[in-house]
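K.L.:
Just passing along the structure, written as structure tokens.
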Amino acid sequence: MKVVFIEPRSSGTNVYSKLPMPLLGPIYLGTILKNNGHDVEIYHEDICAPDYSKLEADVIGISILTSTAPRGYEIAKKFPKDKVIIGGVHASLLPEEAAPFARHVVVGEAEEIITDLVENRIKEHIVKGRPVENLDSLPRPDFSLVKEFNRRSFFMPISTSRGCPFDCSFCSVTKMFGRKYRFRSAENVIEELRDKRKRQIFFCDDNFTANLERTDKLLNLMLKNKINQWACQARCDIAKDTALLRKMYAAGCRVVCIGFESINQKTLKAFDKKQSVGQIKEAIRLFHKAKIKIHGMFVLGSDNDSAKTIWDTLKFAVKEGIDTLQMSILTPFPGTKVYDELEKEKRIFTKDWSLYDGHHIVFRPNLLSAKEMQLNMLKAYTRFYSLFMAFSALIKLRFRNAMFHFMGYVIVKKWKKQHRKMHWLPA
Ligand code: SF4
């Protein structure tokens with residue numbers, strides 16, 4: 001059978017949408033189907049969109065996030081419903097919403113059922129996937145299935161684990177992958193890395209260092225196999241293990257993305273983040289000491305955040321020397337505690353999911369108006385991603401930082417132009 005997977009384009013311009021990276025889910029599923037004799041193509045619309053007027057397939061798989069769900073449904077409507085299967089995080093959170101657009105909606109992980117689904121051996125409309133217990137049993141994802149991947153994608157995403165034992169109130173990861181960590185073995189990961197030695201690797205695990213024993217073994221294998229530079233996501237509590245940070249750098253780690261979330265201790269508590277502002281500062285110092293750059297991720301808009309919190313966060317990022325900054329507006333993803341609370345209090349004013357991308361305020365904050373929140377966030381972003389910051393980084397010979405400040409400057413300017421009327425905000 002001919003099976004085509006489509007990942008809908010991002011809903012709007014943001015500082016990082018210029019570096020598109022395909023989701024791994026459709027690539028794993030596509031690889032399994034290819035190994036079972038099917039003819040598979042994968043399109044990530046931000047990398048290469050198909051010509052829908054000529055696209056023919058027996059099955060269309062669409063993977064949706066909350067912000068890409070409306071576009072996903074639009075794509076689904078282009079095909080007969082009995083050919084469409086919808087999955088992904090948003091479909092797992094709200095399967096009934098996706099159901100009218102597809103013959104099957106998959107909730108959770110689909111690797112163990114995808115062949116039966118495609119070959120029509122499953123009759124249920126909404127199908128519960130099963131978590132893959134042994135991640136080493138998965139095939140090596142075949143990126144050649146993704147159209148234009150080699151030409152247009154800068155990063156090579158690799159996943160070495162699934163799940164997260166934490167339960168941050170705004171996060172939907174655990175709803176998709178559960179609250180138990182599952183890991184690939186170090187040997188299994190290095191096999192995949194060996195043929196990607198020359199690519200910029202991004203470990204997209206939510207916490208790359210969660211299993212210290214496995215991480216240490218993997219770093220040793222990376223050193224031995226001379227793996228190229230890479231980036232990963234981690235929690236700030238690992239920074240106290242300075243020997244680990246030194247080894248990460250030696251093994252090629254150049255950037256770590258950390259969910260600091262807030263410098264407001266009350267917000268950290270409300271998010272159930274289980275980290276303190278003191279830990280955040282110490283983590284920045286220790287990572288920098290190990291020569292690893294920091295992409296700091298913050299979420300603003302909790303009931304304890306005011307306009308001042310936004311500006312304090314910006315000052316903090318500049319003062320502590322965070323290399324690249326991601327300030328997202330708190331987004332109530334369906335299924336999260338934040339969503340349930342805001343929904344109960346009737347503070348969510350739009351369910352246009354395309355706005356649920358961390359760049360649009362979609363609920364009434366507590367200490368300021370929605371418009372004030374949006375404008376202050378935009379101004380703070382404009383201050384960080386400015387020509388002044390780009391030149392400052394250049395003078396300090398921080399070329400990568402300068403490039404991001406400049407790219408951010410162009411994109412934020414475009415975003416502001418597109419959203420001048422702020423049409424979605426309540427009057
Ligand atoms: S934000 Fe990170 S640490 Fe918190 S639940 Fe989500 S993945 Fe886990």
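Chain identifiers are assigned as A, B, and so on, following the order in which chains appear in the structure tokens; residues are numbered from 1 within each chain, and ligands are numbered from 1 in order of appearance.
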With only C-alpha atoms and all ligand atoms counted, collect every polymer residue having an atom within 8 Å of ligand 1; state the result as a PyMOL selection string.
P.N.:
chain A and resi 163-174+206-207+235+259+273
K.L.:
Could you write out that same residue set with all heavy atoms as a CSV table (one decimal), in the first residue's frame?
P.N.:
```csv
chain,number,residue,atom,x,y,z
A,163,GLY,N,8.6,9.3,28.2
A,163,GLY,CA,8.0,9.4,29.5
A,163,GLY,C,8.7,10.4,30.4
A,163,GLY,O,9.8,10.9,30.1
A,164,CYS,N,8.0,10.8,31.5
A,164,CYS,CA,8.6,11.8,32.4
A,164,CYS,C,7.9,11.6,33.8
A,164,CYS,O,6.7,11.6,33.8
A,164,CYS,CB,8.4,13.2,31.9
A,164,CYS,SG,9.0,14.4,33.1
A,165,PRO,N,8.7,11.4,34.9
A,165,PRO,CA,8.0,11.1,36.2
A,165,PRO,C,7.5,12.4,36.8
A,165,PRO,O,6.8,12.3,37.8
A,165,PRO,CB,9.1,10.5,37.0
A,165,PRO,CG,10.4,11.0,36.4
A,165,PRO,CD,10.1,11.3,34.9
A,166,PHE,N,7.9,13.6,36.3
A,166,PHE,CA,7.4,14.8,36.9
A,166,PHE,C,6.0,15.1,36.3
A,166,PHE,O,5.5,14.4,35.4
A,166,PHE,CB,8.3,16.0,36.5
A,166,PHE,CG,9.7,15.8,37.1
A,166,PHE,CD1,10.7,15.2,36.4
A,166,PHE,CD2,9.9,16.2,38.4
A,166,PHE,CE1,12.0,15.0,37.0
A,166,PHE,CE2,11.2,16.0,39.0
A,166,PHE,CZ,12.2,15.4,38.3
A,167,ASP,N,5.3,16.1,36.9
A,167,ASP,CA,3.9,16.3,36.5
A,167,ASP,C,3.7,17.8,36.5
A,167,ASP,O,2.8,18.3,37.2
A,167,ASP,CB,3.0,15.6,37.5
A,167,ASP,CG,1.6,15.4,36.9
A,167,ASP,OD1,1.5,15.6,35.6
A,167,ASP,OD2,0.7,15.2,37.6
A,168,CYS,N,4.5,18.6,35.7
A,168,CYS,CA,4.3,20.0,35.7
A,168,CYS,C,2.9,20.4,35.2
A,168,CYS,O,2.4,19.7,34.3
A,168,CYS,CB,5.4,20.6,34.8
A,168,CYS,SG,7.1,20.2,35.4
A,169,SER,N,2.3,21.3,35.9
A,169,SER,CA,0.9,21.6,35.7
A,169,SER,C,0.5,22.0,34.3
A,169,SER,O,-0.6,21.9,33.8
A,169,SER,CB,0.4,22.6,36.7
A,169,SER,OG,1.1,23.8,36.5
A,170,PHE,N,1.5,22.5,33.5
A,170,PHE,CA,1.2,23.0,32.1
A,170,PHE,C,1.6,22.1,31.0
A,170,PHE,O,1.4,22.4,29.9
A,170,PHE,CB,1.9,24.4,31.9
A,170,PHE,CG,3.4,24.2,32.1
A,170,PHE,CD1,4.2,23.8,31.0
A,170,PHE,CD2,4.0,24.5,33.3
A,170,PHE,CE1,5.6,23.7,31.2
A,170,PHE,CE2,5.4,24.3,33.5
A,170,PHE,CZ,6.2,23.9,32.4
A,171,CYS,N,2.2,20.9,31.4
A,171,CYS,CA,2.8,20.1,30.4
A,171,CYS,C,1.9,18.9,30.0
A,171,CYS,O,1.3,18.3,30.8
A,171,CYS,CB,4.1,19.6,31.0
A,171,CYS,SG,5.0,18.5,29.8
A,172,SER,N,1.9,18.6,28.7
A,172,SER,CA,1.1,17.5,28.2
A,172,SER,C,1.9,16.2,27.8
A,172,SER,O,1.4,15.3,27.4
A,172,SER,CB,0.3,17.9,27.0
A,172,SER,OG,1.1,18.5,26.0
A,173,VAL,N,3.2,16.3,28.1
A,173,VAL,CA,4.1,15.2,27.7
A,173,VAL,C,3.7,13.9,28.4
A,173,VAL,O,3.6,12.8,27.8
A,173,VAL,CB,5.6,15.5,28.1
A,173,VAL,CG1,6.4,14.2,28.1
A,173,VAL,CG2,6.2,16.5,27.1
A,174,THR,N,3.3,14.0,29.7
A,174,THR,CA,3.0,12.7,30.4
A,174,THR,C,1.7,12.2,30.0
A,174,THR,O,1.4,11.0,30.1
A,174,THR,CB,2.9,13.0,31.9
A,174,THR,OG1,2.1,14.1,32.2
A,174,THR,CG2,4.3,13.3,32.5
A,206,ASP,N,12.9,14.7,26.7
A,206,ASP,CA,12.5,15.8,27.6
A,206,ASP,C,13.6,15.9,28.7
A,206,ASP,O,13.8,17.0,29.2
A,206,ASP,CB,11.2,15.6,28.3
A,206,ASP,CG,10.1,15.7,27.2
A,206,ASP,OD1,10.0,16.7,26.6
A,206,ASP,OD2,9.4,14.7,26.9
A,207,ASN,N,14.3,14.9,29.0
A,207,ASN,CA,15.4,15.0,30.0
A,207,ASN,C,16.5,13.9,29.6
A,207,ASN,O,16.4,12.8,30.0
A,207,ASN,CB,14.9,14.7,31.4
A,207,ASN,CG,15.9,14.9,32.5
A,207,ASN,OD1,17.0,15.4,32.2
A,207,ASN,ND2,15.6,14.7,33.7
A,235,ARG,N,17.2,18.9,32.8
A,235,ARG,CA,16.7,19.7,33.9
A,235,ARG,C,17.9,20.3,34.6
A,235,ARG,O,19.0,19.8,34.5
A,235,ARG,CB,15.9,18.7,34.9
A,235,ARG,CG,14.5,18.4,34.5
A,235,ARG,CD,13.9,17.5,35.5
A,235,ARG,NE,13.9,18.1,36.8
A,235,ARG,CZ,12.9,18.8,37.4
A,235,ARG,NH1,11.8,18.9,36.7
A,235,ARG,NH2,12.9,19.3,38.6
A,259,GLY,N,14.3,23.9,30.7
A,259,GLY,CA,13.1,24.5,31.1
A,259,GLY,C,13.2,25.1,32.5
A,259,GLY,O,12.9,24.5,33.5
A,273,LYS,N,7.1,22.6,39.6
A,273,LYS,CA,8.4,22.3,38.8
A,273,LYS,C,9.5,21.7,39.7
A,273,LYS,O,10.4,21.1,39.1
A,273,LYS,CB,8.8,23.7,38.2
A,273,LYS,CG,10.0,23.6,37.3
A,273,LYS,CD,9.6,22.9,36.0
A,273,LYS,CE,10.9,22.5,35.2
A,273,LYS,NZ,10.6,21.8,34.0
```
K.L.:
Per residue of stretch 308-376 of chain A within 9 Å of stretch 284-287 of chain A, note the shortest atom pair and the distance in Å to one decimal, counting only C-alpha atoms, and order the rows by chain and increasing residue number, as a Markdown table.
P.N.:
```
| residue | atom | partner | partner_atom | distance |
| --- | --- | --- | --- | --- |
| A:Glu320 | CA | A:Ile284 | CA | 7.2 |
| A:Gly321 | CA | A:Ile284 | CA | 8.1 |
| A:Ile322 | CA | A:Ile284 | CA | 7.3 |
```
K.L.:
Env of A:Leu94: 8 Å cut, atoms = only C-alpha atoms, seq-sep filter 4 positions within chain, self excluded. Answer as a list in words.
P.N.:
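Answer for this query is His90, Ala98 and Pro334 of chain A.
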K.L.:
So which residues touch A:Ala243 within 12 Å, counting only C-alpha atoms, skipping near sequence neighbours fewer than 2 positions away, as a PyMOL selection string?
P.N.:
chain A and resi 212+216+219+238-241+245-250+286-287+289-290
K.L.:
Counting only C-alpha atoms, which residues in stretch 271-320 of chain A sit no more than 12 Å from stretch 397-413 of chain A? For each one, give the nearest pair of atoms and the distance in Å, sorted by chain then residue number, as JSON lines.
P.N.:
```
{"residue": "A:Lys293", "atom": "CA", "partner": "A:Asn401", "partner_atom": "CA", "distance": 9.4}
{"residue": "A:Ile294", "atom": "CA", "partner": "A:Asn401", "partner_atom": "CA", "distance": 10.3}
{"residue": "A:His295", "atom": "CA", "partner": "A:Asn401", "partner_atom": "CA", "distance": 10.2}
```
K.L.:
Using atom CA of A:Glu109 and atom CA of A:Gly129 as the two end points, give the distance in Å to one decimal.
P.N.:
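We find that atom CA of A:Glu109 and atom CA of A:Gly129 lie 5.0 Å from each other.
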K.L.:
List the neighbours of A:His104 out to 12 Å using only C-alpha atoms; skip same-chain residues closer than 5 positions along the sequence, and give me the result as a PyMOL selection string.
P.N.:
chain A and resi 59-62+76+81-87+91-92+95-96+98-99+110+113-114+116-118+120-129
K.L.:
Could you give me the residues within stretch 180-422 of chain A that DSSP places in alpha helix (DSSP H), as a ChimeraX atom specification?
P.N.:
/A:186-194,212-224,242-250,265-271,277-289,307-320,337-344,370-384,387-395,399-418
K.L.:
Excluding A:Arg152 and its own-chain neighbours fewer than 2 positions away, which residues fall within 12 Å of it when counting only C-alpha atoms? Please give them as an mmCIF file with N, CA, C and O atoms, in the first residue's frame.
P.N.:
```
data_model
loop_
_atom_site.group_PDB
_atom_site.id
_atom_site.type_symbol
_atom_site.label_atom_id
_atom_site.label_comp_id
_atom_site.auth_asym_id
_atom_site.auth_seq_id
_atom_site.Cartn_x
_atom_site.Cartn_y
_atom_site.Cartn_z
ATOM 1 N N LYS A 18 12.053 28.795 11.996
ATOM 2 C CA LYS A 18 12.970 28.843 10.855
ATOM 3 C C LYS A 18 13.904 27.639 10.854
ATOM 4 O O LYS A 18 14.699 27.446 9.942
ATOM 5 N N LEU A 19 13.873 26.877 11.934
ATOM 6 C CA LEU A 19 14.726 25.687 12.005
ATOM 7 C C LEU A 19 13.820 24.457 12.133
ATOM 8 O O LEU A 19 13.735 23.826 13.178
ATOM 9 N N PRO A 20 13.077 24.145 11.061
ATOM 10 C CA PRO A 20 12.095 23.066 11.192
ATOM 11 C C PRO A 20 12.739 21.706 11.441
ATOM 12 O O PRO A 20 13.785 21.395 10.872
ATOM 13 N N MET A 21 12.101 20.972 12.313
ATOM 14 C CA MET A 21 12.616 19.642 12.641
ATOM 15 C C MET A 21 11.401 18.705 12.648
ATOM 16 O O MET A 21 10.421 18.986 13.338
ATOM 17 N N PRO A 22 11.430 17.638 11.867
ATOM 18 C CA PRO A 22 10.237 16.783 11.821
ATOM 19 C C PRO A 22 10.020 16.040 13.136
ATOM 20 O O PRO A 22 10.974 15.746 13.859
ATOM 21 N N HIS A 44 6.741 16.985 5.947
ATOM 22 C CA HIS A 44 6.594 17.950 7.033
ATOM 23 C C HIS A 44 6.371 19.265 6.290
ATOM 24 O O HIS A 44 7.266 19.743 5.583
ATOM 25 N N GLU A 45 5.180 19.826 6.419
ATOM 26 C CA GLU A 45 4.838 20.975 5.556
ATOM 27 C C GLU A 45 5.815 22.144 5.680
ATOM 28 O O GLU A 45 5.974 22.906 4.735
ATOM 29 N N ASP A 46 6.468 22.305 6.857
ATOM 30 C CA ASP A 46 7.435 23.405 6.987
ATOM 31 C C ASP A 46 8.722 23.110 6.205
ATOM 32 O O ASP A 46 9.506 24.008 5.932
ATOM 33 N N ILE A 47 8.959 21.841 5.880
ATOM 34 C CA ILE A 47 10.165 21.484 5.114
ATOM 35 C C ILE A 47 9.811 21.353 3.636
ATOM 36 O O ILE A 47 10.469 21.922 2.766
ATOM 37 N N CYS A 48 8.754 20.613 3.347
ATOM 38 C CA CYS A 48 8.333 20.408 1.953
ATOM 39 C C CYS A 48 6.868 19.962 1.955
ATOM 40 O O CYS A 48 6.565 18.865 2.435
ATOM 41 N N VAL A 146 11.557 11.179 4.697
ATOM 42 C CA VAL A 146 11.056 12.560 4.826
ATOM 43 C C VAL A 146 11.527 13.373 3.634
ATOM 44 O O VAL A 146 12.728 13.541 3.408
ATOM 45 N N LYS A 147 10.567 13.874 2.879
ATOM 46 C CA LYS A 147 10.904 14.621 1.661
ATOM 47 C C LYS A 147 11.753 15.842 1.984
ATOM 48 O O LYS A 147 11.408 16.608 2.893
ATOM 49 N N GLU A 148 12.845 15.997 1.254
ATOM 50 C CA GLU A 148 13.727 17.174 1.345
ATOM 51 C C GLU A 148 14.419 17.300 2.694
ATOM 52 O O GLU A 148 14.927 18.367 3.029
ATOM 53 N N PHE A 149 14.411 16.225 3.489
ATOM 54 C CA PHE A 149 14.985 16.349 4.840
ATOM 55 C C PHE A 149 16.458 16.758 4.796
ATOM 56 O O PHE A 149 16.874 17.680 5.480
ATOM 57 N N ASN A 150 17.228 16.084 3.967
ATOM 58 C CA ASN A 150 18.668 16.361 3.948
ATOM 59 C C ASN A 150 18.986 17.772 3.486
ATOM 60 O O ASN A 150 19.943 18.373 3.928
ATOM 61 N N PHE A 154 18.183 21.410 9.389
ATOM 62 C CA PHE A 154 19.495 21.681 9.963
ATOM 63 C C PHE A 154 19.837 20.648 11.044
ATOM 64 O O PHE A 154 20.945 20.160 11.127
ATOM 65 N N PHE A 155 18.841 20.306 11.848
ATOM 66 C CA PHE A 155 19.074 19.378 12.957
ATOM 67 C C PHE A 155 18.577 17.971 12.641
ATOM 68 O O PHE A 155 17.610 17.791 11.917
ATOM 69 N N MET A 156 19.245 17.005 13.248
ATOM 70 C CA MET A 156 18.818 15.612 13.156
ATOM 71 C C MET A 156 18.248 15.223 14.532
ATOM 72 O O MET A 156 18.990 15.120 15.507
#
```
